[in-house]
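Next up, my_file-v2.tsv (TSV, C-alpha atoms):
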```
chain	number	residue	atom	x	y	z
A	24	MET	CA	-11.48	-18.60	2.78
A	25	SER	CA	-15.03	-17.43	2.08
A	26	LEU	CA	-14.70	-13.74	1.26
A	27	PRO	CA	-17.18	-12.01	-1.01
A	28	LYS	CA	-15.74	-11.72	-4.50
A	29	PRO	CA	-15.65	-7.87	-4.63
A	30	PHE	CA	-13.70	-7.89	-1.37
A	31	GLN	CA	-11.30	-10.60	-2.53
A	32	ASP	CA	-10.84	-8.77	-5.84
A	33	VAL	CA	-9.56	-5.67	-4.05
A	34	ILE	CA	-7.22	-7.77	-1.88
A	35	ASN	CA	-5.86	-9.50	-4.99
A	36	ALA	CA	-5.36	-6.22	-6.83
A	37	PHE	CA	-3.52	-4.64	-3.88
A	38	SER	CA	-1.38	-7.78	-3.49
A	39	ARG	CA	-0.02	-7.30	-7.00
A	40	LEU	CA	1.60	-4.00	-5.99
A	41	PRO	CA	5.25	-3.98	-4.87
A	42	GLY	CA	5.79	-4.25	-1.12
A	43	ILE	CA	2.18	-5.16	-0.36
A	44	GLY	CA	1.67	-8.70	0.91
A	45	PRO	CA	-1.64	-10.49	1.55
A	46	LYS	CA	-2.00	-9.20	5.12
A	47	THR	CA	-1.37	-5.57	4.22
A	48	ALA	CA	-3.74	-6.01	1.26
A	49	SER	CA	-6.44	-7.33	3.62
A	50	ARG	CA	-5.95	-4.43	6.02
A	51	LEU	CA	-6.11	-1.82	3.26
A	52	THR	CA	-9.22	-3.42	1.79
A	53	PHE	CA	-10.89	-3.68	5.16
A	54	TYR	CA	-10.04	-0.05	5.91
A	55	LEU	CA	-11.57	1.11	2.63
A	56	TRP	CA	-14.59	-1.09	3.20
A	57	ARG	CA	-15.23	0.48	6.61
A	58	SER	CA	-14.54	4.03	5.42
A	59	PRO	CA	-17.01	6.25	3.56
A	60	GLN	CA	-17.33	5.25	-0.08
A	61	GLU	CA	-15.76	8.54	-1.21
A	62	LEU	CA	-12.34	7.18	-0.31
A	63	SER	CA	-12.66	4.12	-2.58
A	64	LEU	CA	-14.22	6.18	-5.36
A	65	GLU	CA	-11.47	8.80	-5.16
A	66	LEU	CA	-8.77	6.16	-5.59
A	67	ALA	CA	-10.75	4.30	-8.28
A	68	HIS	CA	-11.36	7.38	-10.40
A	69	ALA	CA	-7.79	8.58	-10.01
A	70	LEU	CA	-6.58	5.16	-11.19
A	71	LEU	CA	-8.89	5.22	-14.21
A	72	ALA	CA	-7.35	8.53	-15.30
A	73	LEU	CA	-3.75	7.60	-14.45
A	74	LYS	CA	-2.73	6.06	-17.76
A	75	THR	CA	-5.11	7.81	-20.14
A	76	GLU	CA	-4.52	11.35	-18.94
A	77	THR	CA	-0.77	11.26	-18.45
A	78	SER	CA	2.03	11.08	-20.95
A	79	VAL	CA	5.80	11.50	-21.20
A	80	CYS	CA	7.46	14.83	-21.96
A	81	PRO	CA	9.08	14.57	-25.43
A	82	ARG	CA	11.93	16.82	-24.29
A	83	CYS	CA	12.99	15.57	-20.84
A	84	PHE	CA	10.94	12.32	-20.53
A	85	PHE	CA	9.42	13.31	-17.21
A	86	LEU	CA	5.67	12.88	-16.63
A	87	MET	CA	3.20	15.30	-18.11
A	88	ALA	CA	-0.54	15.62	-18.56
A	89	SER	CA	-1.76	14.30	-21.92
A	90	GLY	CA	-2.16	16.94	-24.62
A	91	GLN	CA	0.57	19.23	-23.32
A	92	GLY	CA	3.52	20.14	-25.55
A	93	VAL	CA	6.16	19.65	-22.87
A	94	CYS	CA	6.02	18.94	-19.14
A	95	GLU	CA	5.43	21.63	-16.53
A	96	ILE	CA	9.09	21.77	-15.58
A	97	CYS	CA	10.28	22.27	-19.19
A	98	ALA	CA	7.51	24.83	-19.71
A	99	ASP	CA	8.25	26.77	-16.52
A	100	SER	CA	9.83	30.08	-17.60
A	101	GLU	CA	11.17	30.69	-14.09
A	102	ARG	CA	13.47	27.68	-14.09
A	103	GLN	CA	17.19	28.04	-14.78
A	104	ARG	CA	17.80	26.99	-18.37
A	105	ASP	CA	21.57	26.57	-18.14
A	106	VAL	CA	21.71	23.62	-15.73
A	107	LEU	CA	20.55	20.11	-16.60
A	108	CYS	CA	20.12	17.34	-14.06
A	109	VAL	CA	20.27	13.82	-15.53
A	110	VAL	CA	18.38	11.18	-13.53
A	111	GLU	CA	17.45	7.54	-13.99
A	112	GLU	CA	13.71	7.82	-13.69
A	113	ALA	CA	10.79	10.13	-13.04
A	114	LEU	CA	10.65	9.23	-9.33
A	115	ASP	CA	14.10	10.75	-8.94
A	116	VAL	CA	12.80	14.06	-10.31
A	117	ILE	CA	10.03	13.94	-7.71
A	118	ALA	CA	12.61	13.30	-4.97
A	119	LEU	CA	14.87	16.14	-6.13
A	120	GLU	CA	11.94	18.53	-6.45
A	121	ARG	CA	11.02	17.66	-2.86
A	122	SER	CA	14.41	18.97	-1.69
A	123	GLY	CA	13.37	22.35	-3.08
A	124	VAL	CA	16.89	23.53	-3.85
A	125	TYR	CA	17.26	22.67	-7.54
A	126	ARG	CA	15.73	25.11	-10.04
A	127	GLY	CA	17.21	23.89	-13.33
A	128	LEU	CA	15.92	21.43	-15.91
A	129	TYR	CA	15.93	17.63	-15.95
A	130	HIS	CA	16.61	14.77	-18.31
A	131	VAL	CA	15.16	11.36	-17.44
A	132	LEU	CA	17.25	8.49	-18.86
A	133	GLN	CA	14.40	6.01	-18.31
A	134	GLY	CA	16.77	3.47	-16.85
A	135	VAL	CA	20.41	2.77	-16.12
A	136	LEU	CA	23.20	0.95	-17.94
A	137	SER	CA	23.14	-2.69	-16.87
A	138	PRO	CA	25.10	-5.28	-18.87
A	139	ILE	CA	23.58	-8.06	-16.73
A	140	GLU	CA	20.05	-7.07	-17.67
A	141	GLY	CA	21.10	-6.30	-21.22
A	142	VAL	CA	20.49	-2.55	-20.95
A	143	GLY	CA	22.93	-0.68	-23.20
A	144	PRO	CA	23.31	3.02	-24.09
A	145	GLN	CA	20.83	2.66	-26.98
A	146	ASP	CA	18.10	1.62	-24.52
A	147	LEU	CA	18.38	4.88	-22.58
A	148	ARG	CA	17.54	8.44	-23.63
A	149	ILE	CA	21.21	9.25	-24.23
A	150	ALA	CA	20.89	10.22	-27.91
A	151	GLU	CA	18.13	12.65	-26.90
A	152	LEU	CA	20.37	14.00	-24.14
A	153	LEU	CA	23.18	14.74	-26.61
A	154	GLN	CA	20.70	16.42	-28.96
A	155	ARG	CA	19.56	18.65	-26.12
A	156	LEU	CA	23.18	19.64	-25.42
A	157	GLU	CA	23.49	20.79	-29.02
A	158	ARG	CA	20.21	22.68	-29.11
A	159	GLU	CA	19.96	24.17	-25.62
A	160	ALA	CA	22.51	26.40	-23.87
A	161	PHE	CA	23.58	24.37	-20.83
A	162	GLN	CA	26.57	25.47	-18.76
A	163	GLU	CA	26.46	22.48	-16.44
A	164	VAL	CA	25.19	18.91	-16.51
A	165	ILE	CA	24.64	17.25	-13.11
A	166	LEU	CA	24.85	13.48	-13.36
A	167	ALA	CA	22.35	12.45	-10.68
A	168	THR	CA	22.13	8.74	-11.35
A	169	ASN	CA	21.86	6.58	-8.22
A	170	PRO	CA	25.04	6.03	-6.12
A	171	SER	CA	24.82	2.33	-7.01
A	172	LEU	CA	27.13	0.21	-9.18
A	173	GLU	CA	24.99	0.71	-12.29
A	174	GLY	CA	24.37	4.39	-11.50
A	175	GLU	CA	28.10	5.08	-11.11
A	176	ALA	CA	28.91	3.20	-14.31
A	177	THR	CA	26.25	5.15	-16.17
A	178	ALA	CA	27.65	8.43	-14.83
A	179	MET	CA	31.17	7.43	-15.93
A	180	TYR	CA	29.89	6.52	-19.37
A	181	LEU	CA	27.98	9.80	-19.71
A	182	LYS	CA	30.99	11.79	-18.51
A	183	GLN	CA	32.96	10.40	-21.47
A	184	ARG	CA	30.14	11.00	-23.94
A	185	LEU	CA	29.78	14.62	-22.78
A	186	GLN	CA	33.40	15.49	-23.55
A	187	GLY	CA	33.60	18.09	-26.30
A	188	TYR	CA	30.21	19.63	-25.57
A	189	GLY	CA	31.79	22.44	-23.56
A	190	VAL	CA	29.74	21.85	-20.44
A	191	LYS	CA	30.86	21.44	-16.85
A	192	VAL	CA	29.96	17.91	-15.75
A	193	THR	CA	29.24	17.38	-12.05
A	194	ARG	CA	28.08	14.53	-9.88
A	195	LEU	CA	25.94	14.76	-6.73
A	196	ALA	CA	28.08	14.87	-3.57
A	197	ARG	CA	28.75	11.62	-1.77
A	198	GLY	CA	26.44	12.64	1.01
A	199	LEU	CA	24.20	10.03	-0.54
A	200	PRO	CA	24.51	6.60	1.07
A	201	VAL	CA	26.54	4.40	-1.28
A	202	GLY	CA	24.56	1.47	-2.64
A	203	GLY	CA	21.33	3.23	-1.76
A	204	ASP	CA	18.48	4.42	-3.91
A	205	LEU	CA	18.16	8.11	-4.72
A	206	GLU	CA	14.41	8.26	-4.28
A	207	TYR	CA	14.63	7.06	-0.65
A	208	ALA	CA	16.96	9.86	0.41
A	209	ASP	CA	15.45	12.45	2.74
A	210	PRO	CA	15.22	16.06	1.51
A	211	ASN	CA	18.11	17.24	3.72
A	212	THR	CA	20.47	14.60	2.39
A	213	LEU	CA	19.48	15.54	-1.15
A	214	LEU	CA	19.93	19.20	-0.34
A	215	ARG	CA	23.47	18.63	0.92
A	216	ALA	CA	24.24	16.38	-2.01
A	217	LEU	CA	23.12	19.12	-4.39
A	218	LEU	CA	25.01	21.91	-2.63
A	219	GLY	CA	28.19	19.79	-2.37
A	220	ARG	CA	28.24	18.58	-5.97
A	221	GLN	CA	31.74	18.43	-7.44
A	222	GLU	CA	33.18	18.70	-10.92
A	223	MET	CA	33.87	15.28	-12.33
A	224	GLY	CA	37.63	14.66	-12.64
A	225	GLY	CA	39.42	12.25	-14.95
A	226	GLU	CA	39.27	9.39	-12.49
A	227	GLY	CA	35.55	10.01	-11.71
B	27	MET	CA	6.34	19.85	-7.42
B	28	SER	CA	4.99	19.83	-10.96
B	29	LEU	CA	3.27	16.48	-11.32
B	30	PRO	CA	0.38	16.00	-13.73
B	31	LYS	CA	-2.90	16.13	-11.83
B	32	PRO	CA	-4.00	12.52	-12.57
B	33	PHE	CA	-0.67	11.31	-11.19
B	34	GLN	CA	-0.86	13.52	-8.10
B	35	ASP	CA	-4.48	12.41	-7.54
B	36	VAL	CA	-3.42	8.77	-7.28
B	37	ILE	CA	-0.57	9.66	-4.91
B	38	ASN	CA	-2.99	11.66	-2.74
B	39	ALA	CA	-5.55	8.84	-2.68
B	40	PHE	CA	-2.92	6.24	-1.73
B	41	SER	CA	-1.54	8.57	0.97
B	42	ARG	CA	-4.90	8.55	2.72
B	43	LEU	CA	-4.61	4.81	3.40
B	44	PRO	CA	-3.18	3.62	6.74
B	45	GLY	CA	0.55	2.88	6.73
B	46	ILE	CA	1.16	4.50	3.34
B	47	GLY	CA	3.23	7.69	3.43
B	48	PRO	CA	3.96	10.05	0.54
B	49	LYS	CA	7.03	8.12	-0.66
B	50	THR	CA	5.30	4.75	-0.71
B	51	ALA	CA	2.34	6.42	-2.42
B	52	SER	CA	4.69	7.83	-5.10
B	53	ARG	CA	6.29	4.43	-5.64
B	54	LEU	CA	2.95	2.63	-5.95
B	55	THR	CA	1.65	5.27	-8.35
B	56	PHE	CA	4.80	5.16	-10.45
B	57	TYR	CA	4.68	1.37	-10.52
B	58	LEU	CA	1.07	1.40	-11.74
B	59	TRP	CA	1.88	4.11	-14.26
B	60	ARG	CA	4.71	2.03	-15.76
B	61	SER	CA	2.73	-1.22	-15.69
B	62	PRO	CA	0.13	-2.27	-18.29
B	63	GLN	CA	-3.15	-0.42	-17.79
B	64	GLU	CA	-4.91	-3.67	-16.83
B	65	LEU	CA	-3.36	-3.45	-13.36
B	66	SER	CA	-4.79	0.02	-12.64
B	67	LEU	CA	-8.14	-0.90	-14.16
B	68	GLU	CA	-8.35	-4.10	-12.14
B	69	LEU	CA	-7.82	-2.21	-8.89
B	70	ALA	CA	-10.14	0.64	-9.95
B	71	HIS	CA	-13.02	-1.64	-10.88
B	72	ALA	CA	-12.59	-3.76	-7.77
B	73	LEU	CA	-12.73	-0.58	-5.66
B	74	LEU	CA	-15.88	0.61	-7.42
B	75	ALA	CA	-17.61	-2.66	-6.51
B	76	LEU	CA	-16.20	-2.90	-2.99
B	77	LYS	CA	-18.89	-0.98	-1.13
B	78	THR	CA	-21.87	-1.49	-3.43
B	79	GLU	CA	-21.55	-5.23	-3.87
B	80	THR	CA	-20.67	-6.23	-0.33
B	81	SER	CA	-22.77	-6.25	2.78
B	82	VAL	CA	-22.73	-7.58	6.35
B	83	CYS	CA	-24.15	-10.97	7.31
B	84	PRO	CA	-27.25	-10.37	9.46
B	85	ARG	CA	-26.44	-13.46	11.52
B	86	CYS	CA	-22.70	-13.34	12.27
B	87	PHE	CA	-21.81	-9.81	10.99
B	88	PHE	CA	-18.98	-11.08	8.79
B	89	LEU	CA	-18.70	-9.82	5.20
B	90	MET	CA	-20.97	-11.14	2.50
B	91	ALA	CA	-21.84	-10.38	-1.10
B	92	SER	CA	-24.87	-8.07	-1.42
B	93	GLY	CA	-28.14	-9.88	-1.99
B	94	GLN	CA	-27.21	-13.04	-0.11
B	95	GLY	CA	-29.30	-14.15	2.87
B	96	VAL	CA	-26.34	-14.97	5.11
B	97	CYS	CA	-22.56	-15.07	4.53
B	98	GLU	CA	-20.79	-18.02	2.95
B	99	ILE	CA	-19.57	-19.32	6.30
B	100	CYS	CA	-23.05	-19.29	7.88
B	101	ALA	CA	-24.49	-20.88	4.72
B	102	ASP	CA	-21.81	-23.59	4.50
B	103	SER	CA	-23.56	-26.87	5.42
B	104	GLU	CA	-20.21	-28.56	6.04
B	105	ARG	CA	-19.24	-26.32	8.94
B	106	GLN	CA	-19.62	-27.47	12.53
B	107	ARG	CA	-22.76	-25.83	13.92
B	108	ASP	CA	-22.08	-26.48	17.61
B	109	VAL	CA	-18.99	-24.26	18.03
B	110	LEU	CA	-19.06	-20.48	17.85
B	111	CYS	CA	-15.96	-18.33	17.67
B	112	VAL	CA	-16.47	-14.72	18.84
B	113	VAL	CA	-14.05	-12.20	17.31
B	114	GLU	CA	-13.66	-8.44	17.32
B	115	GLU	CA	-13.81	-7.79	13.61
B	116	ALA	CA	-14.04	-9.36	10.17
B	117	LEU	CA	-10.25	-9.29	9.67
B	118	ASP	CA	-9.94	-11.71	12.60
B	119	VAL	CA	-12.22	-14.18	10.80
B	120	ILE	CA	-9.94	-13.93	7.78
B	121	ALA	CA	-6.89	-14.60	9.98
B	122	LEU	CA	-8.52	-17.62	11.68
B	123	GLU	CA	-9.70	-19.03	8.36
B	124	ARG	CA	-6.11	-18.76	7.12
B	125	SER	CA	-5.00	-21.13	9.90
B	126	GLY	CA	-7.31	-23.72	8.34
B	127	VAL	CA	-8.02	-25.59	11.59
B	128	TYR	CA	-11.30	-24.06	12.70
B	129	ARG	CA	-14.45	-25.40	11.06
B	130	GLY	CA	-17.18	-23.90	13.27
B	131	LEU	CA	-19.17	-20.68	12.99
B	132	TYR	CA	-18.24	-17.09	13.87
B	133	HIS	CA	-19.74	-14.06	15.53
B	134	VAL	CA	-18.16	-10.68	14.78
B	135	LEU	CA	-18.60	-8.20	17.65
B	136	GLN	CA	-17.72	-5.25	15.38
B	137	GLY	CA	-15.45	-3.80	18.03
B	138	VAL	CA	-14.22	-4.24	21.57
B	139	LEU	CA	-15.25	-2.83	24.95
B	140	SER	CA	-13.30	0.38	25.55
B	141	PRO	CA	-14.38	2.76	28.32
B	142	ILE	CA	-11.78	5.29	27.16
B	143	GLU	CA	-13.27	5.45	23.66
B	144	GLY	CA	-16.78	5.25	25.04
B	145	VAL	CA	-17.52	1.82	23.58
B	146	GLY	CA	-19.94	-0.06	25.84
B	147	PRO	CA	-21.71	-3.45	25.51
B	148	GLN	CA	-24.63	-1.85	23.68
B	149	ASP	CA	-22.25	-0.71	20.91
B	150	LEU	CA	-21.17	-4.27	20.12
B	151	ARG	CA	-23.16	-7.16	18.67
B	152	ILE	CA	-23.60	-8.75	22.11
B	153	ALA	CA	-27.43	-8.75	22.17
B	154	GLU	CA	-27.34	-10.56	18.82
B	155	LEU	CA	-24.79	-13.03	20.23
B	156	LEU	CA	-27.08	-13.89	23.15
B	157	GLN	CA	-30.01	-14.31	20.75
B	158	ARG	CA	-27.98	-16.77	18.71
B	159	LEU	CA	-27.17	-18.78	21.83
B	160	GLU	CA	-30.91	-19.14	22.45
B	161	ARG	CA	-31.80	-20.05	18.88
B	162	GLU	CA	-28.81	-22.15	17.75
B	163	ALA	CA	-27.47	-25.27	19.43
B	164	PHE	CA	-23.93	-24.32	20.44
B	165	GLN	CA	-21.93	-26.58	22.73
B	166	GLU	CA	-18.97	-24.25	22.95
B	167	VAL	CA	-18.23	-20.57	22.56
B	168	ILE	CA	-14.61	-19.63	21.87
B	169	LEU	CA	-13.86	-16.07	22.97
B	170	ALA	CA	-11.25	-15.05	20.39
B	171	THR	CA	-10.98	-11.36	21.12
B	172	ASN	CA	-7.45	-9.96	20.89
B	173	PRO	CA	-5.01	-10.72	23.75
B	174	SER	CA	-4.94	-6.99	24.49
B	175	LEU	CA	-6.26	-5.12	27.53
B	176	GLU	CA	-9.60	-4.35	25.86
B	177	GLY	CA	-9.83	-7.80	24.31
B	178	GLU	CA	-9.28	-9.50	27.67
B	179	ALA	CA	-11.81	-7.24	29.37
B	180	THR	CA	-14.34	-7.97	26.64
B	181	ALA	CA	-13.75	-11.72	27.06
B	182	MET	CA	-14.21	-11.44	30.83
B	183	TYR	CA	-17.42	-9.49	30.34
B	184	LEU	CA	-18.75	-12.00	27.80
B	185	LYS	CA	-17.81	-14.92	30.04
B	186	GLN	CA	-20.13	-13.47	32.72
B	187	ARG	CA	-22.94	-12.75	30.25
B	188	LEU	CA	-22.75	-16.32	28.92
B	189	GLN	CA	-23.38	-17.91	32.32
B	190	GLY	CA	-26.67	-19.80	32.35
B	191	TYR	CA	-26.67	-20.52	28.63
B	192	GLY	CA	-25.31	-24.01	29.19
B	193	VAL	CA	-22.34	-23.61	26.85
B	194	LYS	CA	-18.68	-24.33	27.47
B	195	VAL	CA	-16.81	-21.01	27.26
B	196	THR	CA	-13.19	-21.17	26.11
B	197	ARG	CA	-10.46	-18.68	25.31
B	198	LEU	CA	-7.69	-19.03	22.73
B	199	ALA	CA	-4.49	-20.42	24.27
B	200	ARG	CA	-1.85	-17.95	25.40
B	201	GLY	CA	0.34	-18.92	22.50
B	202	LEU	CA	-0.70	-15.54	21.18
B	203	PRO	CA	1.72	-12.75	22.01
B	204	VAL	CA	0.18	-10.69	24.83
B	205	GLY	CA	-0.55	-7.12	23.78
B	206	GLY	CA	-0.45	-8.13	20.12
B	207	ASP	CA	-3.07	-8.03	17.46
B	208	LEU	CA	-4.83	-11.23	16.45
B	209	GLU	CA	-4.79	-10.51	12.74
B	210	TYR	CA	-0.98	-10.25	12.67
B	211	ALA	CA	-0.45	-13.72	14.12
B	212	ASP	CA	1.01	-16.28	11.71
B	213	PRO	CA	-1.09	-19.34	10.85
B	214	ASN	CA	1.03	-21.67	13.03
B	215	THR	CA	0.61	-19.51	16.12
B	216	LEU	CA	-3.12	-19.35	15.49
B	217	LEU	CA	-3.21	-23.11	14.98
B	218	ARG	CA	-1.51	-23.74	18.32
B	219	ALA	CA	-3.71	-21.18	20.00
B	220	LEU	CA	-6.80	-22.94	18.68
B	221	LEU	CA	-5.60	-26.45	19.59
B	222	GLY	CA	-4.54	-25.34	23.10
B	223	ARG	CA	-7.71	-23.44	23.98
B	224	GLN	CA	-8.74	-23.89	27.60
B	225	GLU	CA	-12.03	-23.75	29.46
B	226	MET	CA	-12.49	-20.38	31.12
B	227	GLY	CA	-12.22	-20.72	34.93
B	228	GLY	CA	-13.65	-18.39	37.56
B	229	GLU	CA	-10.50	-16.30	37.67
B	230	GLY	CA	-10.31	-16.08	33.84
```

This entry written out as structure tokens:
Amino acid sequence: MSLPKPFQDVINAFSRLPGIGPKTASRLTFYLWRSPQELSLELAHALLALKTETSVCPRCFFLMASGQGVCEICADSERQRDVLCVVEEALDVIALERSGVYRGLYHVLQGVLSPIEGVGPQDLRIAELLQRLEREAFQEVILATNPSLEGEATAMYLKQRLQGYGVKVTRLARGLPVGGDLEYADPNTLLRALLGRQEMGGEG
Amino acid sequence: MSLPKPFQDVINAFSRLPGIGPKTASRLTFYLWRSPQELSLELAHALLALKTETSVCPRCFFLMASGQGVCEICADSERQRDVLCVVEEALDVIALERSGVYRGLYHVLQGVLSPIEGVGPQDLRIAELLQRLEREAFQEVILATNPSLEGEATAMYLKQRLQGYGVKVTRLARGLPVGGDLEYADPNTLLRALLGRQEMGGEG
């Protein structure tokens, strides 16, 4: 293959992203090459700022702009402060926000319990979650980990850890496809899952 | 949605690319955000160079690095100089090169005849193709436009225009799926299509 280096460089960089193979990478590169330069520059400049100008909220571990005290959700005075939704990662917050029905706060675990991959409770933001339960006045904690094996196990574990904190512990309704990934759910499914959430019983 | 602006900017930029919806854009952005910064920087810098450091070969209209006289394929002294493969666009050259069996030269039409979209012969690099046939010593011209309606019509048109130039005019074998797109073909299909190419008869 005799492609100019700048062209091949873009193909190679795209190919390193998940779900993008060499053909898709070629098509994307070719599209950008044929389009006005603004499109490439817009993506390039956004990428340059991505890591340097974003940070993690010290309270809920969602994304925030660098230099802020807490993220926009934690700082939003119009959000309900008595409901906390616990998710695996920031993408799940984005998915839930898209459904438009949840107005409480979040807590991002930054992962899920996985004995196979050696991820234990100390690797997740569980200690920080328990601290928040002591300091903030939550009435309800929604365990919104994925409806996968690891997500269910993590929810079960958290349910036990939350005993004695005097909060109602709920789980998203099983409208979610079992074995699926929360972030792929469409807004309507998420909406029904939120509205149909049920208090977590002894047997889970 | 309360995403930090640099994060939302990357999602927006990705969403403007073909085949990438908002969810895929979120996933790609989140992946880059979690990965070492080198990955974002690599893509950003490659994008910055994409338009400024690449150009179009004045002979065959394939891609080339800026400042070169002709592209690497035209300049390659080891390529067969008596066979010319005519394709719709640069991506098709990339696909044919991937098959590894063709060692001749190329001519990129930069499009395809399409009365509906108002693309006529004067909009393609056909005048330049005929000039090359006068100046270079081709024995054979392979018409490798897509096996689509427009691609077939363009091949038929070119076949007529090439009469009197004393070259054998061939078309890629019908191993290609009719109605498909050349660049999506796998290397083996392209290989068989190249090996089975047939001289273009009166009825096409």

From B:Asp212, B:Glu178, B:Asp108, B:Asp149, residue lying nearest chain A [only C-alpha atoms] | B:Asp212

How many Å lie between CA of Ala118 (chain A) and CA of Lys46 (chain A), rounded to one decimal?
->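 So the answer is 28.7 Å.
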
Can I get the residues of chain B within 8 Å of chain A, each with the closest pair of atoms and their distance in Å to one decimal, using all atoms listed in the file, sorted chain first then ascending number, as a tab-separated table?
```
residue	atom	partner	partner_atom	distance
B:Met27	CA	A:Glu120	CA	5.8
B:Ser28	CA	A:Glu95	CA	5.9
B:Leu29	CA	A:Leu86	CA	6.8
B:Pro30	CA	A:Ala88	CA	4.9
B:Lys31	CA	A:Ala88	CA	7.2
B:Pro32	CA	A:Leu73	CA	5.3
B:Phe33	CA	A:Leu73	CA	5.8
B:Asp35	CA	A:Ala69	CA	5.6
B:Val36	CA	A:Ala69	CA	5.2
B:Ala39	CA	A:Leu66	CA	5.1
B:Phe40	CA	A:Leu66	CA	7.0
B:Leu43	CA	A:Leu51	CA	6.8
B:Pro44	CA	A:Leu51	CA	7.1
B:Lys49	CA	A:Tyr207	CA	7.7
B:Ser52	CA	A:Leu114	CA	7.4
B:Arg53	CA	A:Leu114	CA	7.5
B:Leu54	CA	A:Leu40	CA	6.8
B:Phe56	CA	A:Leu114	CA	7.2
B:Tyr57	CA	A:Leu40	CA	7.7
B:Leu58	CA	A:Leu40	CA	7.9
B:Trp59	CA	A:Lys74	CA	6.1
B:Gln63	CA	A:Lys74	CA	6.5
B:Leu65	CA	A:Ala36	CA	7.4
B:Ser66	CA	A:Leu70	CA	5.6
B:Leu67	CA	A:Leu71	CA	6.2
B:Glu68	CA	A:Ala36	CA	6.5
B:Leu69	CA	A:Ala36	CA	5.1
B:Ala70	CA	A:Ala67	CA	4.1
B:His71	CA	A:Ala67	CA	6.9
B:Ala72	CA	A:Val33	CA	5.2
B:Leu73	CA	A:Ser63	CA	5.6
B:Leu74	CA	A:Leu64	CA	6.2
B:Ala75	CA	A:Pro29	CA	5.9
B:Leu76	CA	A:Pro29	CA	5.3
B:Lys77	CA	A:Trp56	CA	6.1
B:Glu79	CA	A:Pro29	CA	6.5
B:Thr80	CA	A:Pro27	CA	6.8
B:Leu89	CA	A:Pro27	CA	6.8
B:Met90	CA	A:Pro27	CA	5.2
B:Ala91	CA	A:Pro27	CA	4.9
B:Glu98	CA	A:Ser25	CA	5.9
B:Ile99	CA	A:Ser25	CA	6.5
B:Leu117	CA	A:Phe53	CA	7.2
B:Ile120	CA	A:Met24	CA	7.0
B:Glu123	CA	A:Met24	CA	5.9
B:Arg124	CA	A:Met24	CA	6.9
B:Tyr210	CA	A:Lys46	CA	7.7
```

Distance CA of Val190 (chain A)-CA of Val164 (chain A), one decimal place?
->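 Value for the CA of Val190 (chain A)-CA of Val164 (chain A) distance: 6.7 Å.
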
How far is it from CA of Ile149 (chain A) to CA of Gln221 (chain A), in Å with one decimal?
->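 Here the two named atoms are 21.8 Å from each other.
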
In the coordinate frame of the file, compute which residues have an atom within 7 Å of (-19.7, -19.8, 14.2) when using all atoms listed in the file, and state them as a PyMOL selection string.
-> chain B and resi 107+109-111+130-133

Residues as selected, C-alpha atoms, written as a compact mmCIF listing (two decimals), in the frame of the given file, can you do that?
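Contents of the output file out.txt:
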```txt
# COMPACT_ATOMS: atom_id res chain seq x y z
CA ARG B 107 -22.76 -25.83 13.92
CA VAL B 109 -18.99 -24.26 18.03
CA LEU B 110 -19.06 -20.48 17.85
CA CYS B 111 -15.96 -18.33 17.67
CA GLY B 130 -17.18 -23.90 13.27
CA LEU B 131 -19.17 -20.68 12.99
CA TYR B 132 -18.24 -17.09 13.87
CA HIS B 133 -19.74 -14.06 15.53
```

Edge lengths and centre, in Å to one decimal, as lines of an AutoDock Vina configuration file: that's what I need for the box along x, y and z that holds all listed atoms of region 201-214 of chain A plus 6 Å on each side.
```
center_x = 20.5
center_y = 10.3
center_z = -0.5
size_x = 24.1
size_y = 29.7
size_z = 20.4
```

12 Å contact set for Arg161 (chain B), all atoms listed in the file, chain neighbours under 2 positions out, as a list in words |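 Neighbouring residues, sequence-local ones excluded: Arg85, Arg107, Asp108, Glu154, Leu155, Leu156, Gln157, Arg158, Leu159, Ala163, Phe164 and Tyr191 of chain B.
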
Residues near Gly134 (chain A), cut-off 10 Å, all atoms listed in the file, skip fewer than 4 positions along chain, as number ranges by chain = A: 110-113, 142-144, 146-148, 168, 173-174, 177

Write out as a list in words each polymer residue whose atoms come within 12 Å of Ala176 (chain A), counting all atoms listed in the file; drop sequence neighbours fewer than 2 positions from it.
->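 Answer for this query is Val135, Leu136, Ser137, Pro138, Gly143, Pro144, Leu166, Ala167, Thr168, Asn169, Pro170, Ser171, Leu172, Glu173, Gly174, Ala178, Met179, Tyr180, Leu181, Lys182, Gln183 and Gly227 of chain A.
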
So that I can look at just that part, could you write region 161-172 of chain A with C-alpha atoms, as a short mmCIF file (atom, residue, chain, number, x, y, z; two decimals), in the first residue's frame?
```cif
data_model
loop_
_atom_site.label_atom_id
_atom_site.label_comp_id
_atom_site.auth_asym_id
_atom_site.auth_seq_id
_atom_site.Cartn_x
_atom_site.Cartn_y
_atom_site.Cartn_z
CA PHE A 161 -30.42 10.48 50.97
CA GLN A 162 -33.81 8.80 51.31
CA GLU A 163 -33.22 6.33 48.50
CA VAL A 164 -30.29 4.72 46.73
CA ILE A 165 -30.98 3.29 43.26
CA LEU A 166 -28.52 0.55 42.37
CA ALA A 167 -28.25 1.04 38.60
CA THR A 168 -25.37 -1.28 37.83
CA ASN A 169 -25.72 -3.21 34.56
CA PRO A 170 -28.17 -6.18 34.46
CA SER A 171 -25.16 -8.45 33.87
CA LEU A 172 -23.64 -11.11 36.13
#
```
